[in-house]
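Next comes work_38.cif, with mmCIF, C-alpha atoms and all ligand atoms.
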data_final
#
loop_
_atom_site.label_atom_id
_atom_site.label_comp_id
_atom_site.auth_asym_id
_atom_site.auth_seq_id
_atom_site.Cartn_x
_atom_site.Cartn_y
_atom_site.Cartn_z
CA MET A 1 19.43 -21.51 5.90
CA ASP A 2 18.51 -24.90 4.65
CA PHE A 3 15.04 -25.20 3.13
CA ASP A 4 12.97 -26.87 0.43
CA PHE A 5 11.93 -24.53 -2.38
CA LEU A 6 8.40 -25.36 -3.56
CA GLN A 7 6.81 -23.97 -6.71
CA PRO A 8 3.05 -24.58 -6.85
CA THR A 9 1.37 -24.00 -10.19
CA GLU A 10 -2.15 -23.35 -8.86
CA ILE A 11 -3.59 -21.30 -6.00
CA ASP A 12 -5.24 -24.40 -4.46
CA GLN A 13 -1.92 -26.22 -4.50
CA ALA A 14 -0.23 -23.27 -2.75
CA CYS A 15 -3.00 -23.20 -0.11
CA ASN A 16 -2.65 -26.94 0.51
CA LEU A 17 1.11 -26.54 1.02
CA LEU A 18 0.44 -23.71 3.49
CA LYS A 19 -2.07 -25.93 5.33
CA ASP A 20 0.40 -28.82 5.51
CA TYR A 21 3.46 -26.84 6.59
CA LYS A 22 1.95 -23.85 8.51
CA GLU A 23 4.68 -22.06 10.56
CA LYS A 24 7.33 -24.14 8.81
CA ALA A 25 6.46 -22.45 5.49
CA LYS A 26 7.02 -18.93 4.15
CA ILE A 27 5.68 -17.43 0.94
CA ILE A 28 8.01 -15.70 -1.47
CA SER A 29 6.67 -13.62 -4.37
CA GLY A 30 9.00 -11.01 -5.92
CA GLY A 31 11.47 -11.62 -3.08
CA THR A 32 12.48 -7.95 -2.79
CA ASP A 33 11.64 -7.84 0.95
CA PHE A 34 12.08 -11.55 1.56
CA MET A 35 15.69 -11.72 0.32
CA ILE A 36 16.71 -8.88 2.62
CA ASP A 37 15.18 -10.69 5.61
CA LEU A 38 16.99 -13.86 4.51
CA HIS A 39 20.36 -12.08 4.30
CA LYS A 40 19.82 -10.37 7.67
CA ASN A 41 18.85 -13.69 9.24
CA ASP A 42 15.50 -12.15 10.16
CA LEU A 43 13.43 -15.16 9.07
CA SER A 44 12.05 -17.51 11.68
CA PRO A 45 14.43 -20.44 12.30
CA GLU A 46 11.38 -22.73 12.13
CA ILE A 47 11.08 -22.21 8.38
CA GLU A 48 11.79 -25.34 6.36
CA TYR A 49 9.79 -24.64 3.19
CA ILE A 50 9.78 -21.63 0.91
CA ILE A 51 6.64 -21.49 -1.24
CA ASP A 52 7.29 -19.48 -4.40
CA VAL A 53 4.03 -17.98 -5.73
CA SER A 54 5.67 -15.79 -8.37
CA ASN A 55 4.81 -18.24 -11.16
CA LEU A 56 1.11 -18.42 -10.33
CA ASN A 57 -0.51 -16.87 -13.42
CA GLU A 58 -3.82 -16.92 -11.52
CA LEU A 59 -2.44 -14.13 -9.31
CA ASN A 60 -1.43 -11.86 -12.18
CA TYR A 61 -4.16 -9.64 -13.65
CA ILE A 62 -5.74 -6.19 -13.63
CA LYS A 63 -9.41 -6.14 -14.61
CA GLU A 64 -12.57 -4.07 -14.51
CA ASP A 65 -15.28 -6.09 -12.78
CA GLY A 66 -18.53 -4.10 -12.94
CA ASP A 67 -18.05 -1.08 -10.67
CA LYS A 68 -14.80 -2.49 -9.27
CA ILE A 69 -11.15 -2.72 -10.25
CA VAL A 70 -9.56 -6.01 -9.26
CA ILE A 71 -5.83 -6.63 -9.13
CA GLY A 72 -4.24 -10.05 -8.72
CA ALA A 73 -2.00 -10.21 -5.65
CA GLY A 74 1.07 -11.13 -7.69
CA THR A 75 0.85 -8.18 -10.08
CA THR A 76 4.11 -6.23 -10.07
CA HIS A 77 4.45 -2.50 -9.38
CA ASN A 78 5.54 -1.90 -12.97
CA GLU A 79 2.53 -3.72 -14.39
CA ILE A 80 0.26 -1.59 -12.20
CA ALA A 81 2.03 1.71 -12.92
CA ASN A 82 1.80 1.18 -16.70
CA ASN A 83 -1.70 -0.30 -16.88
CA PRO A 84 -4.30 1.77 -18.78
CA ILE A 85 -7.18 0.73 -16.47
CA ILE A 86 -5.22 1.87 -13.40
CA ASN A 87 -4.12 5.09 -15.09
CA LYS A 88 -7.73 5.85 -16.00
CA TRP A 89 -9.46 4.97 -12.71
CA ALA A 90 -6.73 5.19 -10.09
CA PRO A 91 -3.83 7.38 -11.23
CA VAL A 92 -2.94 7.81 -7.56
CA LEU A 93 -2.00 4.10 -7.45
CA ALA A 94 -0.11 4.37 -10.74
CA LYS A 95 1.97 7.23 -9.31
CA ALA A 96 2.56 5.47 -6.00
CA THR A 97 3.69 2.18 -7.55
CA ASN A 98 5.82 4.05 -10.08
CA SER A 99 7.71 5.67 -7.17
CA ILE A 100 8.81 2.36 -5.66
CA GLY A 101 12.52 1.55 -5.61
CA SER A 102 13.98 1.24 -9.08
CA PRO A 103 12.93 -0.40 -12.39
CA GLN A 104 14.40 -3.70 -11.16
CA ILE A 105 12.47 -3.56 -7.88
CA ARG A 106 9.25 -2.52 -9.66
CA ASN A 107 9.64 -5.42 -12.10
CA ARG A 108 9.89 -7.97 -9.27
CA GLY A 109 8.04 -6.45 -6.29
CA THR A 110 4.32 -7.20 -6.03
CA LEU A 111 1.34 -5.42 -4.54
CA ALA A 112 0.64 -8.24 -2.04
CA GLY A 113 4.28 -8.28 -0.92
CA ASN A 114 4.18 -4.54 -0.27
CA ILE A 115 1.00 -4.91 1.80
CA VAL A 116 2.03 -7.99 3.80
CA THR A 117 5.40 -6.49 4.74
CA ALA A 118 3.30 -3.78 6.48
CA SER A 119 6.04 -1.18 6.48
CA PRO A 120 4.82 2.22 7.76
CA ALA A 121 6.65 3.66 4.72
CA ALA A 122 5.10 1.39 2.06
CA ASP A 123 4.26 3.47 -1.02
CA SER A 124 1.32 1.54 -2.48
CA VAL A 125 -0.54 1.51 0.83
CA PRO A 126 -1.55 5.22 1.19
CA ALA A 127 -2.84 5.12 -2.41
CA LEU A 128 -4.81 1.93 -1.71
CA LEU A 129 -6.18 3.45 1.52
CA VAL A 130 -7.62 6.50 -0.28
CA LEU A 131 -9.18 4.09 -2.78
CA ASN A 132 -10.80 2.22 0.17
CA ALA A 133 -9.21 -1.01 -1.06
CA THR A 134 -10.11 -4.48 0.17
CA VAL A 135 -7.81 -7.47 0.44
CA LYS A 136 -9.02 -10.96 -0.49
CA ILE A 137 -7.33 -13.72 1.46
CA LYS A 138 -7.59 -17.46 0.84
CA SER A 139 -6.70 -20.54 2.83
CA PHE A 140 -7.30 -24.18 1.84
CA SER A 141 -10.82 -24.00 3.32
CA THR A 142 -11.89 -20.33 3.50
CA THR A 143 -11.92 -17.11 1.51
CA ARG A 144 -12.32 -13.83 3.38
CA GLU A 145 -12.18 -10.15 2.48
CA ILE A 146 -10.86 -7.49 4.81
CA PRO A 147 -10.73 -3.72 4.28
CA LEU A 148 -7.08 -2.69 3.92
CA GLU A 149 -7.55 -0.15 6.73
CA ASP A 150 -8.19 -3.08 9.13
CA PHE A 151 -5.32 -5.19 7.84
CA PHE A 152 -2.40 -3.78 9.82
CA ILE A 153 -1.73 -4.63 13.48
CA ASN A 154 1.69 -3.11 14.18
CA PRO A 155 4.63 -1.95 12.07
CA TYR A 156 5.68 -4.97 9.98
CA GLN A 157 2.80 -7.06 11.30
CA SER A 158 -0.43 -7.70 9.44
CA LYS A 159 -3.58 -9.74 9.97
CA ILE A 160 -2.68 -12.70 7.82
CA ASN A 161 -2.51 -16.22 9.21
CA GLU A 162 0.33 -18.59 8.45
CA ASP A 163 -1.91 -20.79 6.25
CA GLU A 164 -3.28 -17.88 4.19
CA LEU A 165 -2.43 -16.34 0.83
CA ILE A 166 -3.51 -12.92 -0.43
CA VAL A 167 -5.12 -13.52 -3.80
CA GLU A 168 -6.61 -10.17 -4.80
CA ILE A 169 -6.78 -6.47 -4.01
CA SER A 170 -9.86 -4.58 -5.18
CA PHE A 171 -11.55 -1.20 -4.90
CA LYS A 172 -14.68 0.51 -6.18
CA LYS A 173 -14.06 2.75 -9.20
CA PRO A 174 -13.92 6.30 -7.86
CA PRO A 175 -16.12 8.84 -9.69
CA ILE A 176 -14.29 9.70 -12.91
CA LYS A 177 -14.23 13.40 -11.95
CA CYS A 178 -12.14 12.68 -8.85
CA LYS A 179 -8.75 14.33 -8.66
CA SER A 180 -5.83 12.75 -6.89
CA GLY A 181 -2.22 13.28 -5.94
CA PHE A 182 0.66 11.29 -4.49
CA LYS A 183 3.93 12.71 -3.21
CA LYS A 184 6.92 10.95 -1.78
CA LEU A 185 9.94 12.41 -0.08
CA THR A 186 13.18 10.42 0.06
CA ARG A 187 16.69 11.00 1.35
CA ARG A 188 18.16 10.02 -2.01
CA LYS A 189 16.77 10.70 -5.47
CA ALA A 190 16.38 7.04 -6.42
CA VAL A 191 16.06 3.56 -4.95
CA ASP A 192 14.99 4.83 -1.57
CA LYS A 193 12.10 4.12 0.73
CA ALA A 194 9.82 7.00 1.66
CA ARG A 195 10.91 9.33 4.43
CA LEU A 196 7.34 10.63 4.09
CA ASN A 197 4.61 10.05 1.57
CA ILE A 198 0.99 11.09 1.17
CA ALA A 199 -1.94 10.19 -1.08
CA ILE A 200 -5.06 12.30 -1.53
CA LEU A 201 -8.28 11.65 -3.48
CA ALA A 202 -10.87 14.43 -3.80
CA LEU A 203 -14.18 15.19 -5.47
CA GLN A 204 -15.87 18.59 -5.59
CA LYS A 205 -19.54 19.32 -6.31
CA ASN A 206 -20.46 21.68 -9.15
CA ASN A 207 -20.90 24.47 -6.59
CA GLY A 208 -17.32 23.97 -5.40
CA GLU A 209 -18.10 22.23 -2.11
CA VAL A 210 -15.93 19.25 -1.29
CA GLU A 211 -18.07 16.14 -1.70
CA MET A 212 -15.44 13.55 -0.91
CA LEU A 213 -11.93 13.81 0.46
CA ARG A 214 -9.62 10.99 1.50
CA ILE A 215 -6.16 11.66 2.91
CA ALA A 216 -3.58 8.99 3.81
CA PRO A 217 -0.08 10.06 4.84
CA GLY A 218 2.60 7.38 5.15
CA SER A 219 5.56 7.04 7.49
CA VAL A 220 3.91 9.23 10.13
CA THR A 221 1.94 6.66 12.14
CA PRO A 222 2.91 3.16 13.32
CA THR A 223 0.48 1.63 10.82
CA PRO A 224 -0.79 3.44 7.73
CA GLU A 225 -4.27 4.96 8.05
CA ARG A 226 -6.55 7.67 6.68
CA PHE A 227 -6.66 10.96 8.57
CA VAL A 228 -10.45 11.34 8.82
CA ASP A 229 -10.34 14.34 11.18
CA THR A 230 -8.35 16.25 8.55
CA GLU A 231 -10.76 15.19 5.79
CA ASN A 232 -13.70 16.49 7.86
CA ILE A 233 -12.21 20.00 7.98
CA LEU A 234 -12.90 20.37 4.26
CA ILE A 235 -15.84 18.05 3.54
CA ASN A 236 -19.04 19.94 2.62
CA LYS A 237 -17.10 23.23 2.57
CA LYS A 238 -15.88 25.40 -0.29
CA PRO A 239 -12.11 25.20 -0.02
CA THR A 240 -10.20 28.39 0.70
CA LYS A 241 -6.46 28.90 1.21
CA GLU A 242 -7.11 29.29 4.95
CA LEU A 243 -9.12 26.04 5.21
CA ILE A 244 -6.44 24.14 3.29
CA LYS A 245 -3.78 25.55 5.62
CA LYS A 246 -5.87 24.51 8.63
CA ALA A 247 -6.32 20.99 7.20
CA ALA A 248 -2.59 20.68 6.48
CA GLU A 249 -1.78 21.75 10.06
CA GLN A 250 -4.22 19.12 11.30
CA VAL A 251 -2.22 16.43 9.46
CA SER A 252 0.84 17.15 11.60
CA SER A 253 -1.22 17.54 14.80
CA THR A 254 -2.80 14.12 14.18
CA MET A 255 0.63 12.64 13.46
CA ILE A 256 1.88 13.86 16.88
CA GLU A 257 -1.31 12.69 18.60
CA LYS A 258 -0.91 9.18 17.18
CA SER A 259 2.88 8.76 17.23
CA GLY A 260 3.95 11.03 20.09
CA TYR A 261 6.72 13.66 19.88
CA ARG A 262 9.72 11.76 18.53
CA TRP A 263 13.27 12.69 17.49
CA SER A 264 12.06 13.02 13.89
CA THR A 265 9.03 15.20 14.70
CA GLU A 266 10.96 18.50 14.39
CA TYR A 267 11.52 17.59 10.75
CA LYS A 268 8.36 15.66 9.90
CA LYS A 269 5.91 18.20 11.38
CA PRO A 270 6.52 21.06 8.94
CA VAL A 271 7.37 18.81 6.01
CA ILE A 272 4.25 16.61 6.02
CA GLN A 273 2.22 19.80 6.55
CA THR A 274 3.75 21.36 3.42
CA MET A 275 3.28 18.17 1.40
CA ALA A 276 -0.41 18.01 2.41
CA ARG A 277 -0.97 21.71 1.63
CA ARG A 278 0.66 21.39 -1.80
CA ILE A 279 -1.39 18.36 -2.89
CA LEU A 280 -4.62 19.77 -1.48
CA THR A 281 -3.97 22.94 -3.49
CA GLN A 282 -3.36 20.83 -6.61
CA VAL A 283 -6.45 18.63 -6.32
CA LEU A 284 -8.97 21.19 -5.04
CA GLU A 285 -10.24 24.21 -6.91
CA VAL A 286 -9.92 27.06 -4.47
CA GLU A 287 -12.31 30.05 -4.52
C1 LIG A 301 16.33 -1.67 -3.04
C2 LIG A 301 14.90 -1.69 -2.58
C3 LIG A 301 14.13 -0.56 -2.70
C4 LIG A 301 12.80 -0.58 -2.27
N1 LIG A 301 12.07 0.56 -2.41
C5 LIG A 301 10.79 0.59 -1.98
C6 LIG A 301 10.05 1.78 -2.10
O1 LIG A 301 10.50 2.80 -2.61
N2 LIG A 301 8.77 1.76 -1.62
C7 LIG A 301 8.20 0.64 -1.07
O2 LIG A 301 7.03 0.70 -0.66
N3 LIG A 301 8.90 -0.51 -0.95
C8 LIG A 301 10.17 -0.57 -1.39
N4 LIG A 301 10.90 -1.73 -1.27
C9 LIG A 301 10.29 -2.90 -0.64
C10 LIG A 301 9.71 -3.97 -1.60
O3 LIG A 301 10.21 -3.85 -2.89
C11 LIG A 301 8.17 -3.92 -1.67
O4 LIG A 301 7.61 -4.03 -0.37
C12 LIG A 301 7.61 -5.05 -2.57
O5 LIG A 301 6.32 -4.69 -2.95
C13 LIG A 301 7.57 -6.41 -1.90
O6 LIG A 301 6.94 -7.32 -2.79
P1 LIG A 301 7.61 -8.72 -3.15
O7 LIG A 301 6.71 -9.40 -4.11
O8 LIG A 301 9.02 -8.57 -3.53
O9 LIG A 301 7.48 -9.42 -1.70
P2 LIG A 301 8.38 -10.63 -1.10
O10 LIG A 301 9.71 -10.10 -0.70
O11 LIG A 301 8.31 -11.82 -1.97
O12 LIG A 301 7.50 -10.91 0.20
C14 LIG A 301 7.31 -9.91 1.19
C15 LIG A 301 6.37 -10.46 2.27
O13 LIG A 301 5.08 -10.67 1.74
C16 LIG A 301 4.67 -12.05 1.88
N5 LIG A 301 3.88 -12.33 0.67
C17 LIG A 301 4.22 -12.05 -0.62
N6 LIG A 301 3.19 -12.33 -1.44
C18 LIG A 301 2.19 -12.80 -0.65
C19 LIG A 301 0.86 -13.26 -0.90
N7 LIG A 301 0.33 -13.29 -2.14
N8 LIG A 301 0.09 -13.65 0.14
C20 LIG A 301 0.60 -13.61 1.41
N9 LIG A 301 1.84 -13.20 1.72
C21 LIG A 301 2.62 -12.79 0.69
C22 LIG A 301 5.97 -12.82 2.01
O14 LIG A 301 5.80 -14.03 2.72
C23 LIG A 301 6.83 -11.83 2.79
O15 LIG A 301 6.47 -11.88 4.16
C24 LIG A 301 12.24 -1.76 -1.71
C25 LIG A 301 13.01 -2.90 -1.60
C26 LIG A 301 14.34 -2.88 -2.03
C27 LIG A 301 15.17 -4.14 -1.91
#
Just give me the structure as structure tokens.
Amino acid sequence: MDFDFLQPTEIDQACNLLKDYKEKAKIISGGTDFMIDLHKNDLSPEIEYIIDVSNLNELNYIKEDGDKIVIGAGTTHNEIANNPIINKWAPVLAKATNSIGSPQIRNRGTLAGNIVTASPAADSVPALLVLNATVKIKSFSTTREIPLEDFFINPYQSKINEDELIVEISFKKPPIKCKSGFKKLTRRKAVDKARLNIAILALQKNNGEVEMLRIAPGSVTPTPERFVDTENILINKKPTKELIKKAAEQVSSTMIEKSGYRWSTEYKKPVIQTMARRILTQVLEVE
């Protein structure tokens, strides 16, 4: 491919380049997905300009902002996994980002890149879904926020226009007493995308009843989403082994409902069920 490589130094400059070049331009951040597309010739032939946003310091931060945690879109997985604010308020995201690829990939790959690629197997996404995260998107003339759960259209297709840049990902601080878990299953022990993953965030009342439960399995539906029907099995109830088993079975039933019975279902059905049961047992105190 023959293209011009542009390196804006400010967000506004990047947005103006996107406005000027539209479908002829493509953003690159860490490049860990982009370079693979480039090598496979999967990029649109219309692309003439690559806009490198990896040097935009304005996109690199993790902050507490009142009752919210805000993360700059260009923050790398390693920065997130090792950040004290994230480890205090959202250990589920720390675990998820720490499971991505290898140290090299985590040092380059960014949160926005993981979200925009919209892979059903993305590891940060289930964690961000249980945190009810929101994505802030900017163009030269507008800024909009969209809940992450509404961001995905199809596998590898998200609701971002060609002249837009993700600038921030944010979520409300979960109650400090929340417990969470993230598990990922891969074919190999390292540098492998998730065969299955799942994130769970839970809060129990003093009397043991489940006050809040959010469950997001990955790699089981075309686009990542929370399994609300499973959550409802346990919400306002005191968890028992039987209820947890029922909820875990519901995870695989919902997977089949949403994705149909595929060649991989024989394997995924019992395995995602077991992963859900194990994390639910870890995060919930059972009578
Ligand atoms: C060997 C290897 C192992 C991997 N393992 C995992 C894994 O275990 N789990 C996992 O989830 N992923 C994995 N990945 C995928 C990849 O590392 C992640 O998706 C990463 O987060 C992508 O971020 P990036 O900054 O490198 O994105 P890039 O490759 O730079 O960009 C990816 C896409 O996002 C767009 N983009 C980037 N930033 C922005 C922005 N701010 N606004 C709008 N659009 C933007 C780009 O235009 C492009 O379409 C792996 C990749 C490799 C090569």
message: Just to confirm, what's the straight-line distance from CA of Arg106 in chain A to CA of His77 in chain A in Å (one decimal)?
response: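 Rounded to one decimal, the two atoms are 4.8 Å apart.
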message: What does the list of residues within 8 Å of ligand LIG 301 (chain A) look like if you count all atoms listed in the file, written as an NGL selection string?
response: :A and (26-36 or 53-54 or 59 or 73-74 or 76-77 or 97 or 99-102 or 105-106 or 108-117 or 119 or 121-125 or 137 or 160 or 164-167 or 191-194)
Can I get the selection written as a CSV table (one decimal), in the frame of the given file, with C-alpha atoms?
chain,number,residue,atom,x,y,z
A,26,LYS,CA,7.0,-18.9,4.2
A,27,ILE,CA,5.7,-17.4,0.9
A,28,ILE,CA,8.0,-15.7,-1.5
A,29,SER,CA,6.7,-13.6,-4.4
A,30,GLY,CA,9.0,-11.0,-5.9
A,31,GLY,CA,11.5,-11.6,-3.1
A,32,THR,CA,12.5,-8.0,-2.8
A,33,ASP,CA,11.6,-7.8,1.0
A,34,PHE,CA,12.1,-11.6,1.6
A,35,MET,CA,15.7,-11.7,0.3
A,36,ILE,CA,16.7,-8.9,2.6
A,53,VAL,CA,4.0,-18.0,-5.7
A,54,SER,CA,5.7,-15.8,-8.4
A,59,LEU,CA,-2.4,-14.1,-9.3
A,73,ALA,CA,-2.0,-10.2,-5.6
A,74,GLY,CA,1.1,-11.1,-7.7
A,76,THR,CA,4.1,-6.2,-10.1
A,77,HIS,CA,4.4,-2.5,-9.4
A,97,THR,CA,3.7,2.2,-7.6
A,99,SER,CA,7.7,5.7,-7.2
A,100,ILE,CA,8.8,2.4,-5.7
A,101,GLY,CA,12.5,1.6,-5.6
A,102,SER,CA,14.0,1.2,-9.1
A,105,ILE,CA,12.5,-3.6,-7.9
A,106,ARG,CA,9.2,-2.5,-9.7
A,108,ARG,CA,9.9,-8.0,-9.3
A,109,GLY,CA,8.0,-6.4,-6.3
A,110,THR,CA,4.3,-7.2,-6.0
A,111,LEU,CA,1.3,-5.4,-4.5
A,112,ALA,CA,0.6,-8.2,-2.0
A,113,GLY,CA,4.3,-8.3,-0.9
A,114,ASN,CA,4.2,-4.5,-0.3
A,115,ILE,CA,1.0,-4.9,1.8
A,116,VAL,CA,2.0,-8.0,3.8
A,117,THR,CA,5.4,-6.5,4.7
A,119,SER,CA,6.0,-1.2,6.5
A,121,ALA,CA,6.6,3.7,4.7
A,122,ALA,CA,5.1,1.4,2.1
A,123,ASP,CA,4.3,3.5,-1.0
A,124,SER,CA,1.3,1.5,-2.5
A,125,VAL,CA,-0.5,1.5,0.8
A,137,ILE,CA,-7.3,-13.7,1.5
A,160,ILE,CA,-2.7,-12.7,7.8
A,164,GLU,CA,-3.3,-17.9,4.2
A,165,LEU,CA,-2.4,-16.3,0.8
A,166,ILE,CA,-3.5,-12.9,-0.4
A,167,VAL,CA,-5.1,-13.5,-3.8
A,191,VAL,CA,16.1,3.6,-5.0
A,192,ASP,CA,15.0,4.8,-1.6
A,193,LYS,CA,12.1,4.1,0.7
A,194,ALA,CA,9.8,7.0,1.7
Neighbour list for Thr134 in chain A as a PyMOL selection string, cut-off 8 Å, only C-alpha atoms, skip fewer than 3 positions in-chain: chain A and resi 145-148+169-171
field: Interatomic distance (Å, one decimal) between CA of Gln7 in chain A and CA of Pro45 in chain A
entry: 20.8 Å
Neighbours of point (-4.6, 10.6, -7.9) within 8 Å, using all atoms listed in the file, written as a PDB file with C-alpha atoms, in the frame of the given file:
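result.pdb was written with the following content:
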ATOM      1  CA  ALA A  90      -6.730   5.190 -10.090  1.00  0.00           C
ATOM      2  CA  PRO A  91      -3.830   7.380 -11.230  1.00  0.00           C
ATOM      3  CA  VAL A  92      -2.940   7.810  -7.560  1.00  0.00           C
ATOM      4  CA  LEU A  93      -2.000   4.100  -7.450  1.00  0.00           C
ATOM      5  CA  LYS A  95       1.970   7.230  -9.310  1.00  0.00           C
ATOM      6  CA  ALA A 127      -2.840   5.120  -2.410  1.00  0.00           C
ATOM      7  CA  CYS A 178     -12.140  12.680  -8.850  1.00  0.00           C
ATOM      8  CA  LYS A 179      -8.750  14.330  -8.660  1.00  0.00           C
ATOM      9  CA  SER A 180      -5.830  12.750  -6.890  1.00  0.00           C
ATOM     10  CA  GLY A 181      -2.220  13.280  -5.940  1.00  0.00           C
ATOM     11  CA  PHE A 182       0.660  11.290  -4.490  1.00  0.00           C
ATOM     12  CA  ALA A 199      -1.940  10.190  -1.080  1.00  0.00           C
ATOM     13  CA  ILE A 200      -5.060  12.300  -1.530  1.00  0.00           C
ATOM     14  CA  LEU A 201      -8.280  11.650  -3.480  1.00  0.00           C
TER      15      LEU A 201
END
message: If I take CA of Trp89 in chain A and CA of Arg214 in chain A, how far is one from the other in Å, to one decimal?
response: 15.4 Å
- request: Could you give me, as an MDAnalysis selection string, the residues within 7 Å of range 232-243 of chain A, counting all atoms listed in the file and dropping anything in the same chain fewer than 6 positions from it?
  value: chainID A and resid 208:213 286:287
Contacts of Arg226 in chain A at 10 Å (all atoms listed in the file; same-chain gap of 2+ positions) as JSON, numbers by chain: {"A": [126, 129, 130, 132, 149, 198, 199, 200, 214, 215, 216, 217, 218, 224, 228, 229, 230, 231]}
query: Got a sec: who's within 7 Å of range 254-269 of chain A, counting all atoms listed in the file, leaving out chain neighbours fewer than 2 positions off, as a VMD selection string?
result: chain A and resid 220 to 222 250 to 252 271 to 273
Around all of range 6-9 of chain A's listed atoms, make the axis-aligned box with 4 Å on each side and tell me centre and edge lengths in Å to one decimal, as JSON.
{"center_x": 4.9, "center_y": -24.7, "center_z": -6.9, "size_x": 15.0, "size_y": 9.4, "size_z": 14.6}
Shell of 7 Å around Ala118 in chain A, all atoms listed in the file, local chain residues under 4 positions omitted, as a list in words: Asn114, Phe152, Pro155, Tyr156, Gln157 and Ser158 of chain A
statement: Of A:Arg277, A:Leu284, A:Lys138, A:Thr75, the one nearest to Lys177 in chain A when counting only C-alpha atoms is A:Leu284
field: Selected residue of minimal separation from Tyr61 in chain A among A:Ile86, A:Leu185, A:Cys15, A:Ile176, counting all atoms listed in the file
entry: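 Answer, going by the shortest atom-to-atom distance: A:Ile86.
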- prompt: Which is closest to Asn98 in chain A among A:Asp150, A:Glu79, A:Asp163, A:Asp65, if we use only C-alpha atoms?
  reply: A:Glu79
